[in-house]
Amino acid sequence: MSEHPAQRRILDVLVAAQIFSGAGLAAGITVGALLAQDMLGSTGWAGLPAAMFTVGSAAAAVAVGRISQRAGRRAGLTFGYLTGALGSFGVVAGAVTESLPLLFVSMVVYGAGTATSLQARYAGADLAQPKHRARAISMVLVATTVGAVVGPNLTTPMSDLAVRWGIPSLSGPFVLSGVAYLLAGLVLWVLLRPDPLVLAKEIAEEPTEVVATAVTTRWSAPIVAGTTVMVVTQLVMAAVMTMTPVHMQNHGHGVGAAGFVIAVHVAGMYLPSLLSGMLVDRFGAGLVAVVAAATLVAAGLAAALAPPSSVAALAVALGLLGVGWNLGLVAGTTMIADATPVATRARTQGTVDVGIAIAGAGGGLGSGVIVAFADYPGLAYLGAGIALLIVPALAWATRRSAVRDEVVRVES
């Protein structure tokens, strides 16, 4: 079966939107913890903004998934990006007025942009052929690299611009986030035609009994395995990434150095996407997920052992952390995309991303507390240990799938 004629145009539009959304995502991540530490005066709660926007990401994942299932990807993704823009400008208002309630509520709303940026990867797979599905997912992810690498490196210029505007310097990057998310939403609303999910439904024309079966088997072993891979990688990545700028600032590094390290990290998160997609299509999602676990372990060890004075060593550790996350995300997403019928696709994918967002919230919130008691190396060692949970989860899913296939073979 050949590729659908609309697939190339859809990928082009998604790529354009993701360039903007990457800048919105990364700019806020870079200074969120620093802004909270500045306003709260405590390192122990510096992970709270990451927890807040990932809680918002969880809620937005459900909303974007349900809107997409009902009205198509175009409506769902546009809604998510516009909501993220609203949250970005709310963070600026909270910083200007020194209002912690407004800051934290806005951080929750800002999380919609994060959720939507991730949900866009599913849109790339809606019309893709199975043997090219991982590569379609990876093309959407790699597009985020451009904005995500540029975003953190604009933290210093945006901070300087904020000072000239008479607003807190750390709120400047959130102005960039708001504008970037607005542009991403505009691109999708105007250009994402035909809608990939709506078109996929029309092509599938699944019979009523298939739809009923899809609703009752939403949590098959491959879906559970894919969810577990992505939840673990998100938890480890969010925990270590959130506290790295704080760790650097506590050892005398400025926001520019932190921005550079986060830029390397975000490049690792998205730049290898095409390679990850090719590896998944060639060797299978399970094997690549194991490689993701090994990479995260290496990242945790490298972060724990990196001299606090060495920006280069921390950049290497965070780069590995990003690569491990990327491998896990592409592998896990492909497992989900392969196992979800179009009748429940967006809804199930939105629910899966809730788990990912909750993991990020737990990692972001817990990271500050762990660092306050065990220091940054302790957090990194713990992350390396948690990454190993991917392996038994995959083994369980493989056994469950083998048993199911045997039952089907016997019954037939």
# chains A, B, ... in the order shown; residues from 1 in each chain; ligands from 1
call {"tool": "closest_atom_pairs", "arguments": {"of": "range 51-131 of chain A", "to": "range 339-343 of chain A", "cutoff": "12 Å", "atoms": "only C-alpha atoms", "output": "CSV"}}
result
residue,atom,partner,partner_atom,distance
A:Arg66,CA,A:Ala343,CA,12.0
A:Ser68,CA,A:Val342,CA,11.5
A:Gln69,CA,A:Ala343,CA,8.3
A:Arg70,CA,A:Ala343,CA,10.3
A:Gly72,CA,A:Val342,CA,11.6
A:Tyr122,CA,A:Thr340,CA,11.0
A:Ala123,CA,A:Val342,CA,11.7
A:Ala125,CA,A:Val342,CA,11.1
A:Asp126,CA,A:Val342,CA,8.2
A:Leu127,CA,A:Val342,CA,10.3
A:Pro130,CA,A:Ala339,CA,10.8
call {"tool": "write_last_selection", "arguments": {"atoms": "C-alpha atoms", "output": "compact mmCIF listing (two decimals), in the first residue's frame"}}
result
# COMPACT_ATOMS: atom_id res chain seq x y z
CA ARG A 66 -11.02 14.30 23.18
CA SER A 68 -9.15 15.68 18.33
CA GLN A 69 -11.21 12.48 18.45
CA ARG A 70 -14.42 14.43 17.97
CA GLY A 72 -9.99 16.32 14.27
CA TYR A 122 0.52 11.30 16.82
CA ALA A 123 -0.87 13.43 13.99
CA ALA A 125 1.30 8.86 12.19
CA ASP A 126 -2.42 9.03 11.35
CA LEU A 127 -1.95 8.40 7.63
CA PRO A 130 3.03 0.79 9.36
call {"tool": "closest_atom_pairs", "arguments": {"of": "range 104-211 of chain A", "to": "range 359-375 of chain A", "cutoff": "12 Å", "atoms": "only C-alpha atoms", "output": "JSON lines"}}
result
{"residue": "A:Met107", "atom": "CA", "partner": "A:Ala361", "partner_atom": "CA", "distance": 11.8}
{"residue": "A:Val108", "atom": "CA", "partner": "A:Ala361", "partner_atom": "CA", "distance": 10.6}
{"residue": "A:Gly111", "atom": "CA", "partner": "A:Ala361", "partner_atom": "CA", "distance": 10.3}
{"residue": "A:Thr114", "atom": "CA", "partner": "A:Gly360", "partner_atom": "CA", "distance": 10.8}
{"residue": "A:Ala115", "atom": "CA", "partner": "A:Gly360", "partner_atom": "CA", "distance": 11.0}
call {"tool": "atom_distance", "arguments": {"atom1": "CA of Ala294 in chain A", "atom2": "CA of Leu389 in chain A"}}
result
10.8 Å
call {"tool": "residues_around", "arguments": {"residues": "Gly286 in chain A", "least_positions_apart": "2", "cutoff": "9 Å", "atoms": "only C-alpha atoms", "output": "list of chain:residue names"}}
result
A:Ala225, A:Gly226, A:Val280, A:Phe283, A:Gly284, A:Val288, A:Ala289, A:Val290, A:Val291, A:Ala331, A:Gly332, A:Met335, A:Leu394, A:Thr398
call {"tool": "residues_around", "arguments": {"residues": "Ser21 in chain A", "least_positions_apart": "2", "cutoff": "10 Å", "atoms": "only C-alpha atoms", "output": "MDAnalysis selection string"}}
result
chainID A and resid 15:19 23:26 81 84:85 113:114 116:118 143:148 151 177:185
call {"tool": "residues_around", "arguments": {"residues": "range 251-264 of chain A", "least_positions_apart": "2", "cutoff": "6 Å", "atoms": "only C-alpha atoms", "output": "number ranges by chain"}}
result
A: 149, 152-153, 156, 245, 248-249, 266-267, 315, 319
call {"tool": "residues_around", "arguments": {"residues": "Gly328 in chain A", "least_positions_apart": "6", "cutoff": "12 Å", "atoms": "only C-alpha atoms", "output": "PDB file with N, CA and C atoms, in the first residue's frame"}}
result
ATOM      1  N   ALA A 134       7.131   4.971  12.460  1.00  0.00           N
ATOM      2  CA  ALA A 134       8.082   5.562  13.402  1.00  0.00           C
ATOM      3  C   ALA A 134       8.803   6.754  12.777  1.00  0.00           C
ATOM      4  N   SER A 138       8.893  10.581  13.995  1.00  0.00           N
ATOM      5  CA  SER A 138      10.179  11.221  14.262  1.00  0.00           C
ATOM      6  C   SER A 138      10.347  12.518  13.475  1.00  0.00           C
ATOM      7  N   ALA A 225       2.771  -1.448  27.605  1.00  0.00           N
ATOM      8  CA  ALA A 225       4.230  -1.407  27.486  1.00  0.00           C
ATOM      9  C   ALA A 225       4.702  -0.057  26.949  1.00  0.00           C
ATOM     10  N   GLY A 226       4.055   0.427  25.889  1.00  0.00           N
ATOM     11  CA  GLY A 226       4.430   1.716  25.324  1.00  0.00           C
ATOM     12  C   GLY A 226       4.239   2.846  26.321  1.00  0.00           C
ATOM     13  N   THR A 227       3.145   2.778  27.071  1.00  0.00           N
ATOM     14  CA  THR A 227       2.886   3.794  28.097  1.00  0.00           C
ATOM     15  C   THR A 227       3.966   3.760  29.170  1.00  0.00           C
ATOM     16  N   THR A 228       4.325   2.558  29.613  1.00  0.00           N
ATOM     17  CA  THR A 228       5.348   2.423  30.655  1.00  0.00           C
ATOM     18  C   THR A 228       6.683   2.983  30.201  1.00  0.00           C
ATOM     19  N   VAL A 229       7.068   2.678  28.981  1.00  0.00           N
ATOM     20  CA  VAL A 229       8.341   3.186  28.448  1.00  0.00           C
ATOM     21  C   VAL A 229       8.353   4.712  28.490  1.00  0.00           C
ATOM     22  N   MET A 230       7.267   5.324  28.027  1.00  0.00           N
ATOM     23  CA  MET A 230       7.240   6.782  27.964  1.00  0.00           C
ATOM     24  C   MET A 230       7.114   7.421  29.338  1.00  0.00           C
ATOM     25  N   VAL A 231       6.372   6.783  30.238  1.00  0.00           N
ATOM     26  CA  VAL A 231       6.222   7.317  31.597  1.00  0.00           C
ATOM     27  C   VAL A 231       7.563   7.309  32.330  1.00  0.00           C
ATOM     28  N   VAL A 232       8.292   6.203  32.234  1.00  0.00           N
ATOM     29  CA  VAL A 232       9.587   6.108  32.923  1.00  0.00           C
ATOM     30  C   VAL A 232      10.581   7.107  32.345  1.00  0.00           C
ATOM     31  N   THR A 233      10.655   7.192  31.017  1.00  0.00           N
ATOM     32  CA  THR A 233      11.604   8.131  30.416  1.00  0.00           C
ATOM     33  C   THR A 233      11.252   9.572  30.767  1.00  0.00           C
ATOM     34  N   GLN A 234       9.966   9.889  30.818  1.00  0.00           N
ATOM     35  CA  GLN A 234       9.547  11.248  31.177  1.00  0.00           C
ATOM     36  C   GLN A 234       9.886  11.565  32.630  1.00  0.00           C
ATOM     37  N   LEU A 235       9.655  10.617  33.515  1.00  0.00           N
ATOM     38  CA  LEU A 235       9.935  10.811  34.941  1.00  0.00           C
ATOM     39  C   LEU A 235      11.415  11.111  35.169  1.00  0.00           C
ATOM     40  N   VAL A 236      12.261  10.279  34.594  1.00  0.00           N
ATOM     41  CA  VAL A 236      13.706  10.444  34.783  1.00  0.00           C
ATOM     42  C   VAL A 236      14.180  11.749  34.144  1.00  0.00           C
ATOM     43  N   MET A 237      13.735  12.005  32.927  1.00  0.00           N
ATOM     44  CA  MET A 237      14.165  13.206  32.226  1.00  0.00           C
ATOM     45  C   MET A 237      13.733  14.466  32.970  1.00  0.00           C
ATOM     46  N   MET A 269      16.983  15.727  22.932  1.00  0.00           N
ATOM     47  CA  MET A 269      15.604  15.254  22.989  1.00  0.00           C
ATOM     48  C   MET A 269      14.986  15.111  21.602  1.00  0.00           C
ATOM     49  N   TYR A 270      15.358  15.979  20.673  1.00  0.00           N
ATOM     50  CA  TYR A 270      14.652  16.013  19.393  1.00  0.00           C
ATOM     51  C   TYR A 270      15.527  15.756  18.166  1.00  0.00           C
ATOM     52  N   PRO A 272      17.945  13.605  17.424  1.00  0.00           N
ATOM     53  CA  PRO A 272      18.129  12.225  16.940  1.00  0.00           C
ATOM     54  C   PRO A 272      16.843  11.562  16.459  1.00  0.00           C
ATOM     55  N   SER A 273      15.748  12.299  16.379  1.00  0.00           N
ATOM     56  CA  SER A 273      14.445  11.686  16.111  1.00  0.00           C
ATOM     57  C   SER A 273      14.425  10.862  14.824  1.00  0.00           C
ATOM     58  N   SER A 276      16.175   7.697  15.419  1.00  0.00           N
ATOM     59  CA  SER A 276      15.357   6.856  16.297  1.00  0.00           C
ATOM     60  C   SER A 276      14.226   6.192  15.518  1.00  0.00           C
ATOM     61  N   GLY A 277      13.581   6.981  14.646  1.00  0.00           N
ATOM     62  CA  GLY A 277      12.500   6.425  13.839  1.00  0.00           C
ATOM     63  C   GLY A 277      12.980   5.329  12.911  1.00  0.00           C
ATOM     64  N   LEU A 279      15.579   3.412  13.372  1.00  0.00           N
ATOM     65  CA  LEU A 279      15.934   2.254  14.190  1.00  0.00           C
ATOM     66  C   LEU A 279      14.692   1.469  14.604  1.00  0.00           C
ATOM     67  N   VAL A 280      13.633   2.177  14.987  1.00  0.00           N
ATOM     68  CA  VAL A 280      12.396   1.497  15.376  1.00  0.00           C
ATOM     69  C   VAL A 280      11.795   0.753  14.196  1.00  0.00           C
ATOM     70  N   ALA A 285      10.311  -1.618  18.099  1.00  0.00           N
ATOM     71  CA  ALA A 285      10.208  -0.660  19.196  1.00  0.00           C
ATOM     72  C   ALA A 285      10.764  -1.219  20.504  1.00  0.00           C
ATOM     73  N   GLY A 286      10.607  -2.531  20.730  1.00  0.00           N
ATOM     74  CA  GLY A 286      11.063  -3.119  21.981  1.00  0.00           C
ATOM     75  C   GLY A 286      12.561  -3.000  22.184  1.00  0.00           C
ATOM     76  N   LEU A 287      13.328  -3.322  21.160  1.00  0.00           N
ATOM     77  CA  LEU A 287      14.783  -3.258  21.266  1.00  0.00           C
ATOM     78  C   LEU A 287      15.249  -1.816  21.472  1.00  0.00           C
ATOM     79  N   VAL A 288      14.643  -0.891  20.760  1.00  0.00           N
ATOM     80  CA  VAL A 288      15.021   0.517  20.898  1.00  0.00           C
ATOM     81  C   VAL A 288      14.672   1.030  22.294  1.00  0.00           C
ATOM     82  N   ALA A 289      13.580   0.540  22.866  1.00  0.00           N
ATOM     83  CA  ALA A 289      13.217   0.938  24.232  1.00  0.00           C
ATOM     84  C   ALA A 289      14.266   0.477  25.240  1.00  0.00           C
ATOM     85  N   VAL A 290      14.835  -0.705  25.033  1.00  0.00           N
ATOM     86  CA  VAL A 290      15.914  -1.193  25.910  1.00  0.00           C
ATOM     87  C   VAL A 290      17.144  -0.288  25.771  1.00  0.00           C
ATOM     88  N   VAL A 291      17.454   0.110  24.548  1.00  0.00           N
ATOM     89  CA  VAL A 291      18.575   1.041  24.325  1.00  0.00           C
ATOM     90  C   VAL A 291      18.291   2.368  25.026  1.00  0.00           C
ATOM     91  N   ALA A 292      17.038   2.804  25.027  1.00  0.00           N
ATOM     92  CA  ALA A 292      16.665   4.038  25.723  1.00  0.00           C
ATOM     93  C   ALA A 292      16.961   3.923  27.213  1.00  0.00           C
ATOM     94  N   ALA A 293      16.607   2.782  27.799  1.00  0.00           N
ATOM     95  CA  ALA A 293      16.872   2.574  29.221  1.00  0.00           C
ATOM     96  C   ALA A 293      18.367   2.648  29.518  1.00  0.00           C
ATOM     97  N   ALA A 294      19.169   2.002  28.681  1.00  0.00           N
ATOM     98  CA  ALA A 294      20.619   2.019  28.878  1.00  0.00           C
ATOM     99  C   ALA A 294      21.184   3.437  28.762  1.00  0.00           C
ATOM    100  N   THR A 295      20.659   4.208  27.832  1.00  0.00           N
ATOM    101  CA  THR A 295      21.130   5.582  27.643  1.00  0.00           C
ATOM    102  C   THR A 295      20.774   6.462  28.833  1.00  0.00           C
ATOM    103  N   LEU A 296      19.579   6.268  29.384  1.00  0.00           N
ATOM    104  CA  LEU A 296      19.179   7.033  30.566  1.00  0.00           C
ATOM    105  C   LEU A 296      20.039   6.689  31.774  1.00  0.00           C
ATOM    106  N   LEU A 321      20.790  12.481  28.442  1.00  0.00           N
ATOM    107  CA  LEU A 321      19.444  12.410  29.018  1.00  0.00           C
ATOM    108  C   LEU A 321      18.394  12.672  27.941  1.00  0.00           C
ATOM    109  N   GLY A 322      18.670  13.651  27.092  1.00  0.00           N
ATOM    110  CA  GLY A 322      17.745  13.957  26.003  1.00  0.00           C
ATOM    111  C   GLY A 322      17.654  12.842  24.985  1.00  0.00           C
ATOM    112  N   THR A 334       5.395   4.654  18.950  1.00  0.00           N
ATOM    113  CA  THR A 334       5.146   3.703  17.868  1.00  0.00           C
ATOM    114  C   THR A 334       4.348   2.511  18.379  1.00  0.00           C
ATOM    115  N   MET A 335       4.668   2.021  19.573  1.00  0.00           N
ATOM    116  CA  MET A 335       3.872   0.937  20.163  1.00  0.00           C
ATOM    117  C   MET A 335       2.406   1.342  20.292  1.00  0.00           C
ATOM    118  N   ILE A 356       2.070  10.317  31.058  1.00  0.00           N
ATOM    119  CA  ILE A 356       3.369  10.938  30.811  1.00  0.00           C
ATOM    120  C   ILE A 356       3.472  12.269  31.555  1.00  0.00           C
ATOM    121  N   ALA A 387      15.287   4.175  35.579  1.00  0.00           N
ATOM    122  CA  ALA A 387      15.294   3.884  34.141  1.00  0.00           C
ATOM    123  C   ALA A 387      15.309   2.387  33.856  1.00  0.00           C
ATOM    124  N   ILE A 390      12.203  -0.104  32.770  1.00  0.00           N
ATOM    125  CA  ILE A 390      11.713  -0.326  31.403  1.00  0.00           C
ATOM    126  C   ILE A 390      11.880  -1.784  30.997  1.00  0.00           C
ATOM    127  N   VAL A 391      12.982  -2.402  31.386  1.00  0.00           N
ATOM    128  CA  VAL A 391      13.295  -3.755  30.918  1.00  0.00           C
ATOM    129  C   VAL A 391      12.269  -4.789  31.397  1.00  0.00           C
ATOM    130  N   LEU A 394       8.881  -4.401  29.541  1.00  0.00           N
ATOM    131  CA  LEU A 394       8.873  -4.940  28.181  1.00  0.00           C
ATOM    132  C   LEU A 394       8.813  -6.460  28.187  1.00  0.00           C
TER     133      LEU A 394
END
call {"tool": "atom_distance", "arguments": {"atom1": "CA of Met39 in chain A", "atom2": "CA of Ala112 in chain A"}}
result
22.9 Å
call {"tool": "closest_residue", "arguments": {"among": "A:Thr78, A:Thr97, A:Gln7, A:Ser171", "to": "Met139 in chain A", "atoms": "only C-alpha atoms"}}
result
A:Gln7
call {"tool": "closest_residue", "arguments": {"among": "A:Ala317, A:Ala75, A:Ala136, A:Ala58", "to": "Val109 in chain A", "atoms": "only C-alpha atoms"}}
result
A:Ala58
call {"tool": "atom_distance", "arguments": {"atom1": "CA of Pro168 in chain A", "atom2": "CA of Val92 in chain A"}}
result
8.3 Å
call {"tool": "closest_residue", "arguments": {"among": "A:Phe89, A:Trp189, A:Tyr376, A:Tyr381", "to": "Met243 in chain A", "atoms": "only C-alpha atoms"}}
result
A:Tyr376
